[in-house]
file coords37.txt (compact mmCIF, C-alpha atoms and all ligand atoms)
# COMPACT_ATOMS: atom_id res chain seq x y z
CA MET A 1 -4.24 29.65 29.00
CA LEU A 2 -1.82 26.72 29.12
CA ARG A 3 1.31 27.19 27.03
CA ALA A 4 3.71 24.24 26.95
CA ILE A 5 7.14 23.45 25.59
CA TYR A 6 8.10 20.03 24.27
CA PRO A 7 11.90 20.22 24.25
CA GLY A 8 14.37 17.79 22.71
CA SER A 9 17.27 17.27 20.35
CA PHE A 10 15.04 15.72 17.66
CA ASP A 11 18.12 14.46 15.79
CA PRO A 12 16.04 13.51 13.83
CA VAL A 13 12.36 13.68 14.74
CA THR A 14 10.74 10.20 14.77
CA LEU A 15 7.11 9.04 14.69
CA GLY A 16 7.42 8.55 18.47
CA HIS A 17 8.09 12.29 18.88
CA ILE A 18 5.23 13.12 16.50
CA ASP A 19 2.88 11.00 18.59
CA ILE A 20 3.82 12.95 21.75
CA ILE A 21 3.39 16.24 19.84
CA LYS A 22 -0.12 15.30 18.65
CA ARG A 23 -1.25 14.11 22.06
CA SER A 24 0.15 17.21 23.81
CA TYR A 25 -1.50 19.42 21.21
CA ASP A 26 -4.88 18.00 22.27
CA ILE A 27 -4.19 18.77 25.94
CA VAL A 28 -2.66 22.25 25.99
CA ASP A 29 -3.75 25.56 24.46
CA GLU A 30 -0.42 26.39 22.83
CA LEU A 31 2.48 24.10 22.03
CA ILE A 32 6.06 25.11 21.34
CA VAL A 33 8.48 22.43 20.14
CA GLY A 34 11.90 23.55 21.42
CA VAL A 35 14.84 22.24 19.41
CA LEU A 36 18.04 22.13 21.42
CA ASN A 37 21.00 23.67 19.63
CA ASN A 38 23.86 21.92 21.40
CA ASN A 39 26.91 21.17 19.30
CA ALA A 40 28.50 19.26 22.19
CA LYS A 41 25.99 16.49 21.37
CA MET A 42 27.50 16.34 17.84
CA PRO A 43 24.15 16.12 16.04
CA LEU A 44 23.88 14.43 12.64
CA PHE A 45 21.48 17.12 11.43
CA SER A 46 22.09 20.84 11.96
CA VAL A 47 19.60 22.71 14.13
CA GLU A 48 18.22 24.40 10.97
CA GLU A 49 17.60 20.99 9.35
CA ARG A 50 15.98 19.62 12.51
CA VAL A 51 13.68 22.66 12.76
CA ARG A 52 12.74 22.40 9.06
CA MET A 53 11.90 18.69 9.28
CA LEU A 54 9.79 19.25 12.42
CA LYS A 55 7.94 22.13 10.75
CA GLU A 56 7.20 19.99 7.70
CA ALA A 57 6.04 17.09 9.84
CA THR A 58 3.70 19.26 11.96
CA ASN A 59 2.38 21.71 9.37
CA ALA A 60 -1.07 20.09 9.51
CA LEU A 61 -1.38 21.16 13.15
CA PRO A 62 -2.09 24.89 13.14
CA GLY A 63 -0.59 26.98 15.88
CA ILE A 64 2.36 24.75 16.74
CA ARG A 65 5.58 26.70 16.85
CA VAL A 66 8.98 25.06 16.29
CA ILE A 67 11.73 27.19 17.83
CA PRO A 68 15.46 26.47 18.34
CA PHE A 69 17.00 27.27 21.71
CA GLU A 70 20.36 27.20 23.47
CA GLY A 71 21.25 27.09 27.13
CA LEU A 72 18.97 26.26 30.03
CA LEU A 73 15.47 24.97 29.36
CA VAL A 74 14.07 27.03 32.24
CA ASP A 75 15.44 30.22 30.66
CA PHE A 76 13.78 29.29 27.37
CA ALA A 77 10.51 28.56 29.23
CA ARG A 78 10.69 31.96 30.96
CA GLN A 79 11.40 33.69 27.66
CA MET A 80 8.42 31.95 26.01
CA GLU A 81 6.21 32.50 29.09
CA ALA A 82 5.47 28.78 29.20
CA GLY A 83 4.60 27.15 32.53
CA LEU A 84 4.71 23.54 31.41
CA VAL A 85 7.38 21.24 29.98
CA ILE A 86 6.31 18.01 28.30
CA ARG A 87 8.58 14.98 28.02
CA GLY A 88 7.99 11.45 26.82
CA LEU A 89 8.74 8.29 28.80
CA ARG A 90 9.46 5.13 26.86
CA ALA A 91 10.75 2.78 29.53
CA ILE A 92 12.23 2.67 33.00
CA THR A 93 15.61 3.52 31.41
CA ASP A 94 14.27 7.01 30.54
CA PHE A 95 12.87 7.53 34.02
CA GLU A 96 16.00 8.18 36.08
CA TYR A 97 17.35 10.89 33.77
CA GLU A 98 13.94 12.49 33.27
CA LEU A 99 13.23 12.57 37.02
CA GLN A 100 16.57 14.24 37.70
CA MET A 101 16.03 16.82 34.95
CA SER A 102 12.50 17.70 36.03
CA GLN A 103 13.51 18.05 39.69
CA THR A 104 16.51 20.20 38.75
CA ASN A 105 14.36 22.41 36.52
CA HIS A 106 11.80 22.76 39.29
CA LYS A 107 14.55 23.90 41.71
CA LEU A 108 15.83 26.42 39.17
CA GLU A 109 12.35 27.71 38.33
CA PRO A 110 9.54 26.58 40.67
CA SER A 111 6.86 27.98 38.38
CA VAL A 112 7.76 25.48 35.63
CA GLU A 113 6.17 22.04 35.95
CA THR A 114 7.07 18.94 33.93
CA MET A 115 4.42 16.59 32.62
CA PHE A 116 5.24 13.13 31.28
CA LEU A 117 3.34 11.31 28.57
CA THR A 118 4.04 7.61 28.31
CA ALA A 119 5.06 6.43 24.87
CA ASN A 120 2.49 4.86 22.63
CA VAL A 121 3.20 1.08 22.65
CA GLU A 122 3.53 1.29 18.88
CA TYR A 123 6.58 3.54 19.23
CA SER A 124 8.00 2.72 22.64
CA TYR A 125 11.04 0.95 21.12
CA LEU A 126 11.83 3.86 18.81
CA SER A 127 14.69 6.32 19.28
CA SER A 128 16.56 8.80 17.09
CA SER A 129 19.80 6.83 17.64
CA THR A 130 18.27 3.57 16.36
CA VAL A 131 16.95 5.36 13.29
CA LYS A 132 20.39 6.90 12.61
CA GLU A 133 21.98 3.47 12.92
CA ILE A 134 19.52 1.95 10.40
CA ALA A 135 20.25 4.80 7.98
CA ALA A 136 24.03 4.50 8.46
CA PHE A 137 23.85 0.88 7.27
CA GLY A 138 21.72 1.82 4.27
CA GLY A 139 18.40 0.55 5.73
CA ASP A 140 14.96 1.98 4.99
CA THR A 141 13.81 4.35 7.76
CA SER A 142 10.46 5.31 6.23
CA GLN A 143 8.30 3.34 8.71
CA PHE A 144 9.95 5.08 11.68
CA VAL A 145 10.14 8.74 10.70
CA PRO A 146 8.09 11.44 8.94
CA GLU A 147 8.59 11.71 5.18
CA ALA A 148 10.77 14.84 5.44
CA VAL A 149 13.29 12.84 7.50
CA SER A 150 13.48 9.78 5.23
CA LEU A 151 13.97 12.15 2.28
CA ALA A 152 16.80 13.87 4.18
CA PHE A 153 18.45 10.49 4.88
CA ASN A 154 18.18 9.59 1.18
CA GLN A 155 19.75 12.93 0.28
CA LYS A 156 22.65 12.35 2.70
CA LYS A 157 23.15 8.88 1.22
CA LYS A 158 23.31 10.32 -2.32
CA GLU A 159 25.83 12.95 -1.22
CA SER A 160 28.07 10.38 0.48
CA ASN A 161 27.91 8.07 -2.59
CA LYS A 162 29.07 11.02 -4.72
CA ASP A 163 32.01 11.70 -2.37
CA GLU A 164 33.26 8.09 -2.61
P1 LIG B 1 16.75 14.35 24.30
O1 LIG B 1 15.81 15.49 24.52
O2 LIG B 1 17.02 13.62 25.58
O3 LIG B 1 17.96 14.70 23.49
P2 LIG B 1 15.02 13.31 22.19
O4 LIG B 1 15.17 14.56 21.40
O5 LIG B 1 15.20 12.03 21.42
O6 LIG B 1 15.96 13.23 23.43
O7 LIG B 1 13.57 13.22 22.82
C1 LIG B 1 12.82 14.29 23.32
C2 LIG B 1 11.75 13.73 24.25
O8 LIG B 1 10.92 12.79 23.55
C3 LIG B 1 12.29 12.96 25.46
O9 LIG B 1 11.42 13.20 26.55
C4 LIG B 1 12.20 11.51 25.04
O10 LIG B 1 12.06 10.64 26.15
C5 LIG B 1 10.92 11.53 24.21
N1 LIG B 1 10.91 10.47 23.20
C6 LIG B 1 11.90 10.08 22.38
N2 LIG B 1 11.51 9.04 21.60
C7 LIG B 1 10.23 8.77 21.94
C8 LIG B 1 9.26 7.77 21.54
N3 LIG B 1 9.56 6.86 20.63
N4 LIG B 1 8.04 7.79 22.12
C9 LIG B 1 7.76 8.71 23.08
N5 LIG B 1 8.62 9.65 23.54
C10 LIG B 1 9.83 9.68 22.98
call {"tool": "encode", "arguments": {"input": "coords37.txt", "output": "structure tokens"}}
result
Amino acid sequence: MLRAIYPGSFDPVTLGHIDIIKRSYDIVDELIVGVLNNNAKMPLFSVEERVRMLKEATNALPGIRVIPFEGLLVDFARQMEAGLVIRGLRAITDFEYELQMSQTNHKLEPSVETMFLTANVEYSYLSSSTVKEIAAFGGDTSQFVPEAVSLAFNQKKKESNKDE
């Protein structure tokens, strides 16, 4: 039985992440989406919001679990009894960091392997930071993110209009 973790900040989840989730889901027996709770990264959305949006966006895929975690990924993998980590590669710019992380994780826990899925060409330009930038300038994010996320951006916009 192959149980895998797809870890990330997902601040917020984009259609690029959803594509990796769906493709991983077809490969492994059990998929856990691990949402990193790291305040040092100063996320726009709280970990609870990020988990909720991911759950809403993946609720059509039975058996996927969305779980927040803190600390080392290898400790989370051990705790979940998962032997595989899945990451997405968009471009050569992702590669250096991802290679370093996977080799470090393998040193820390040799039983955990990392598998990379290359981004779908349709989403290879897409990142959470770009989406946040579009939203910050009042742009429409709906073609880049699941509905739960564009609704959350609209809600944030309403709240900030009220504060002004
Ligand atoms: P990080 O985990 O580095 O904070 P993210 O949460 O944005 O970054 O992404 C989690 C994983 O999904 C990473 O492996 C990242 O490369 C991958 N990813 C991000 N955006 C896309 C995309 N548009 N297509 C495919 N993979 C992506």
call {"tool": "closest_atom_pairs", "arguments": {"input": "coords37.txt", "of": "segment 30-61 of chain A", "to": "segment 77-84 of chain A", "cutoff": "10 Å", "atoms": "all atoms listed in the file", "output": "JSON lines"}}
result
{"residue": "A:Glu30", "atom": "CA", "partner": "A:Ala82", "partner_atom": "CA", "distance": 9.0}
{"residue": "A:Leu31", "atom": "CA", "partner": "A:Ala82", "partner_atom": "CA", "distance": 9.1}
{"residue": "A:Ile32", "atom": "CA", "partner": "A:Met80", "partner_atom": "CA", "distance": 8.6}
{"residue": "A:Gly34", "atom": "CA", "partner": "A:Ala77", "partner_atom": "CA", "distance": 9.4}
call {"tool": "residues_near_ligand", "arguments": {"input": "coords37.txt", "ligand": "ligand LIG 1 (chain B)", "cutoff": "10 Å", "atoms": "only C-alpha atoms and all ligand atoms", "output": "ChimeraX atom specification"}}
result
/A:6-21,33-36,38,41,43,85-91,93-95,97-98,101,115-129,144
call {"tool": "closest_residue", "arguments": {"input": "coords37.txt", "among": "A:Arg50, A:Lys55, A:Lys162, A:Arg3", "to": "Ile27 of chain A", "atoms": "all atoms listed in the file"}}
result
A:Arg3
call {"tool": "closest_atom_pairs", "arguments": {"input": "coords37.txt", "of": "segment 85-140 of chain A", "to": "segment 149-155 of chain A", "cutoff": "12 Å", "atoms": "only C-alpha atoms", "output": "JSON lines"}}
result
{"residue": "A:Ser128", "atom": "CA", "partner": "A:Val149", "partner_atom": "CA", "distance": 10.9}
{"residue": "A:Val131", "atom": "CA", "partner": "A:Ser150", "partner_atom": "CA", "distance": 9.8}
{"residue": "A:Lys132", "atom": "CA", "partner": "A:Phe153", "partner_atom": "CA", "distance": 8.7}
{"residue": "A:Glu133", "atom": "CA", "partner": "A:Phe153", "partner_atom": "CA", "distance": 11.2}
{"residue": "A:Ile134", "atom": "CA", "partner": "A:Phe153", "partner_atom": "CA", "distance": 10.2}
{"residue": "A:Ala135", "atom": "CA", "partner": "A:Phe153", "partner_atom": "CA", "distance": 6.7}
{"residue": "A:Ala136", "atom": "CA", "partner": "A:Phe153", "partner_atom": "CA", "distance": 8.9}
{"residue": "A:Phe137", "atom": "CA", "partner": "A:Phe153", "partner_atom": "CA", "distance": 11.3}
{"residue": "A:Gly138", "atom": "CA", "partner": "A:Asn154", "partner_atom": "CA", "distance": 9.1}
{"residue": "A:Gly139", "atom": "CA", "partner": "A:Phe153", "partner_atom": "CA", "distance": 10.0}
{"residue": "A:Asp140", "atom": "CA", "partner": "A:Ser150", "partner_atom": "CA", "distance": 7.9}
call {"tool": "residues_near_point", "arguments": {"input": "coords37.txt", "point": "(-2.7, 25.8, 29.1)", "cutoff": "6 Å", "atoms": "only C-alpha atoms", "output": "ChimeraX atom specification"}}
result
/A:1-3,28-29
call {"tool": "closest_residue", "arguments": {"input": "coords37.txt", "among": "A:Glu56, A:Ile64, A:Asp75, A:Pro146", "to": "Ser24 of chain A", "atoms": "all atoms listed in the file"}}
result
A:Ile64
call {"tool": "closest_residue", "arguments": {"input": "coords37.txt", "among": "A:Lys156, A:Tyr25, A:Glu113, A:His106", "to": "Gly63 of chain A", "atoms": "only C-alpha atoms"}}
result
A:Tyr25
call {"tool": "decode", "arguments": {"input": "coords37.txt", "residues": "segment 124-150 of chain A", "atoms": "N, CA and C atoms", "output": "PDB file, in the first residue's frame"}}
result
ATOM      1  N   SER A 124       1.855  25.845 -15.692  1.00  0.00           N
ATOM      2  CA  SER A 124       3.258  25.904 -15.285  1.00  0.00           C
ATOM      3  C   SER A 124       3.709  27.324 -14.932  1.00  0.00           C
ATOM      4  N   TYR A 125       2.956  28.328 -15.313  1.00  0.00           N
ATOM      5  CA  TYR A 125       3.294  29.723 -14.991  1.00  0.00           C
ATOM      6  C   TYR A 125       2.701  30.138 -13.635  1.00  0.00           C
ATOM      7  N   LEU A 126       1.856  29.287 -13.068  1.00  0.00           N
ATOM      8  CA  LEU A 126       0.992  29.709 -11.965  1.00  0.00           C
ATOM      9  C   LEU A 126       1.627  29.494 -10.590  1.00  0.00           C
ATOM     10  N   SER A 127       1.574  30.523  -9.755  1.00  0.00           N
ATOM     11  CA  SER A 127       2.068  30.373  -8.381  1.00  0.00           C
ATOM     12  C   SER A 127       1.129  31.088  -7.420  1.00  0.00           C
ATOM     13  N   SER A 128       1.174  30.688  -6.157  1.00  0.00           N
ATOM     14  CA  SER A 128       0.347  31.340  -5.136  1.00  0.00           C
ATOM     15  C   SER A 128       0.699  32.820  -5.048  1.00  0.00           C
ATOM     16  N   SER A 129       1.992  33.159  -5.167  1.00  0.00           N
ATOM     17  CA  SER A 129       2.388  34.587  -5.036  1.00  0.00           C
ATOM     18  C   SER A 129       1.781  35.432  -6.151  1.00  0.00           C
ATOM     19  N   THR A 130       1.785  34.906  -7.396  1.00  0.00           N
ATOM     20  CA  THR A 130       1.192  35.674  -8.501  1.00  0.00           C
ATOM     21  C   THR A 130      -0.287  35.917  -8.233  1.00  0.00           C
ATOM     22  N   VAL A 131      -0.962  34.870  -7.774  1.00  0.00           N
ATOM     23  CA  VAL A 131      -2.396  34.974  -7.519  1.00  0.00           C
ATOM     24  C   VAL A 131      -2.669  36.027  -6.426  1.00  0.00           C
ATOM     25  N   LYS A 132      -1.815  36.028  -5.387  1.00  0.00           N
ATOM     26  CA  LYS A 132      -1.999  37.017  -4.304  1.00  0.00           C
ATOM     27  C   LYS A 132      -1.786  38.433  -4.820  1.00  0.00           C
ATOM     28  N   GLU A 133      -0.835  38.566  -5.747  1.00  0.00           N
ATOM     29  CA  GLU A 133      -0.554  39.886  -6.318  1.00  0.00           C
ATOM     30  C   GLU A 133      -1.757  40.384  -7.138  1.00  0.00           C
ATOM     31  N   ILE A 134      -2.329  39.486  -7.940  1.00  0.00           N
ATOM     32  CA  ILE A 134      -3.510  39.856  -8.745  1.00  0.00           C
ATOM     33  C   ILE A 134      -4.626  40.325  -7.804  1.00  0.00           C
ATOM     34  N   ALA A 135      -4.848  39.536  -6.741  1.00  0.00           N
ATOM     35  CA  ALA A 135      -5.930  39.875  -5.808  1.00  0.00           C
ATOM     36  C   ALA A 135      -5.652  41.195  -5.099  1.00  0.00           C
ATOM     37  N   ALA A 136      -4.381  41.440  -4.748  1.00  0.00           N
ATOM     38  CA  ALA A 136      -4.033  42.674  -4.017  1.00  0.00           C
ATOM     39  C   ALA A 136      -4.351  43.910  -4.847  1.00  0.00           C
ATOM     40  N   PHE A 137      -4.271  43.764  -6.188  1.00  0.00           N
ATOM     41  CA  PHE A 137      -4.577  44.916  -7.045  1.00  0.00           C
ATOM     42  C   PHE A 137      -6.013  44.872  -7.563  1.00  0.00           C
ATOM     43  N   GLY A 138      -6.842  44.050  -6.904  1.00  0.00           N
ATOM     44  CA  GLY A 138      -8.266  44.032  -7.227  1.00  0.00           C
ATOM     45  C   GLY A 138      -8.628  43.232  -8.469  1.00  0.00           C
ATOM     46  N   GLY A 139      -7.679  42.425  -8.998  1.00  0.00           N
ATOM     47  CA  GLY A 139      -7.954  41.631 -10.205  1.00  0.00           C
ATOM     48  C   GLY A 139      -8.787  40.391  -9.898  1.00  0.00           C
ATOM     49  N   ASP A 140      -9.316  39.787 -10.973  1.00  0.00           N
ATOM     50  CA  ASP A 140     -10.155  38.598 -10.838  1.00  0.00           C
ATOM     51  C   ASP A 140      -9.268  37.350 -10.859  1.00  0.00           C
ATOM     52  N   THR A 141      -9.331  36.555  -9.802  1.00  0.00           N
ATOM     53  CA  THR A 141      -8.449  35.378  -9.692  1.00  0.00           C
ATOM     54  C   THR A 141      -9.158  34.088 -10.107  1.00  0.00           C
ATOM     55  N   SER A 142     -10.431  34.185 -10.498  1.00  0.00           N
ATOM     56  CA  SER A 142     -11.250  32.971 -10.624  1.00  0.00           C
ATOM     57  C   SER A 142     -10.726  31.959 -11.650  1.00  0.00           C
ATOM     58  N   GLN A 143      -9.960  32.395 -12.654  1.00  0.00           N
ATOM     59  CA  GLN A 143      -9.460  31.404 -13.624  1.00  0.00           C
ATOM     60  C   GLN A 143      -8.191  30.689 -13.133  1.00  0.00           C
ATOM     61  N   PHE A 144      -7.678  31.105 -11.968  1.00  0.00           N
ATOM     62  CA  PHE A 144      -6.419  30.526 -11.479  1.00  0.00           C
ATOM     63  C   PHE A 144      -6.577  29.653 -10.235  1.00  0.00           C
ATOM     64  N   VAL A 145      -7.699  29.795  -9.556  1.00  0.00           N
ATOM     65  CA  VAL A 145      -7.858  29.131  -8.251  1.00  0.00           C
ATOM     66  C   VAL A 145      -9.220  28.442  -8.151  1.00  0.00           C
ATOM     67  N   PRO A 146      -9.358  27.474  -7.214  1.00  0.00           N
ATOM     68  CA  PRO A 146     -10.680  26.883  -7.004  1.00  0.00           C
ATOM     69  C   PRO A 146     -11.657  27.945  -6.470  1.00  0.00           C
ATOM     70  N   GLU A 147     -12.950  27.638  -6.610  1.00  0.00           N
ATOM     71  CA  GLU A 147     -13.972  28.622  -6.236  1.00  0.00           C
ATOM     72  C   GLU A 147     -13.856  29.085  -4.776  1.00  0.00           C
ATOM     73  N   ALA A 148     -13.543  28.149  -3.878  1.00  0.00           N
ATOM     74  CA  ALA A 148     -13.447  28.503  -2.456  1.00  0.00           C
ATOM     75  C   ALA A 148     -12.420  29.615  -2.238  1.00  0.00           C
ATOM     76  N   VAL A 149     -11.360  29.612  -3.061  1.00  0.00           N
ATOM     77  CA  VAL A 149     -10.300  30.619  -2.888  1.00  0.00           C
ATOM     78  C   VAL A 149     -10.740  31.971  -3.460  1.00  0.00           C
ATOM     79  N   SER A 150     -11.376  31.964  -4.642  1.00  0.00           N
ATOM     80  CA  SER A 150     -11.791  33.278  -5.171  1.00  0.00           C
ATOM     81  C   SER A 150     -12.851  33.896  -4.276  1.00  0.00           C
TER      82      SER A 150
END
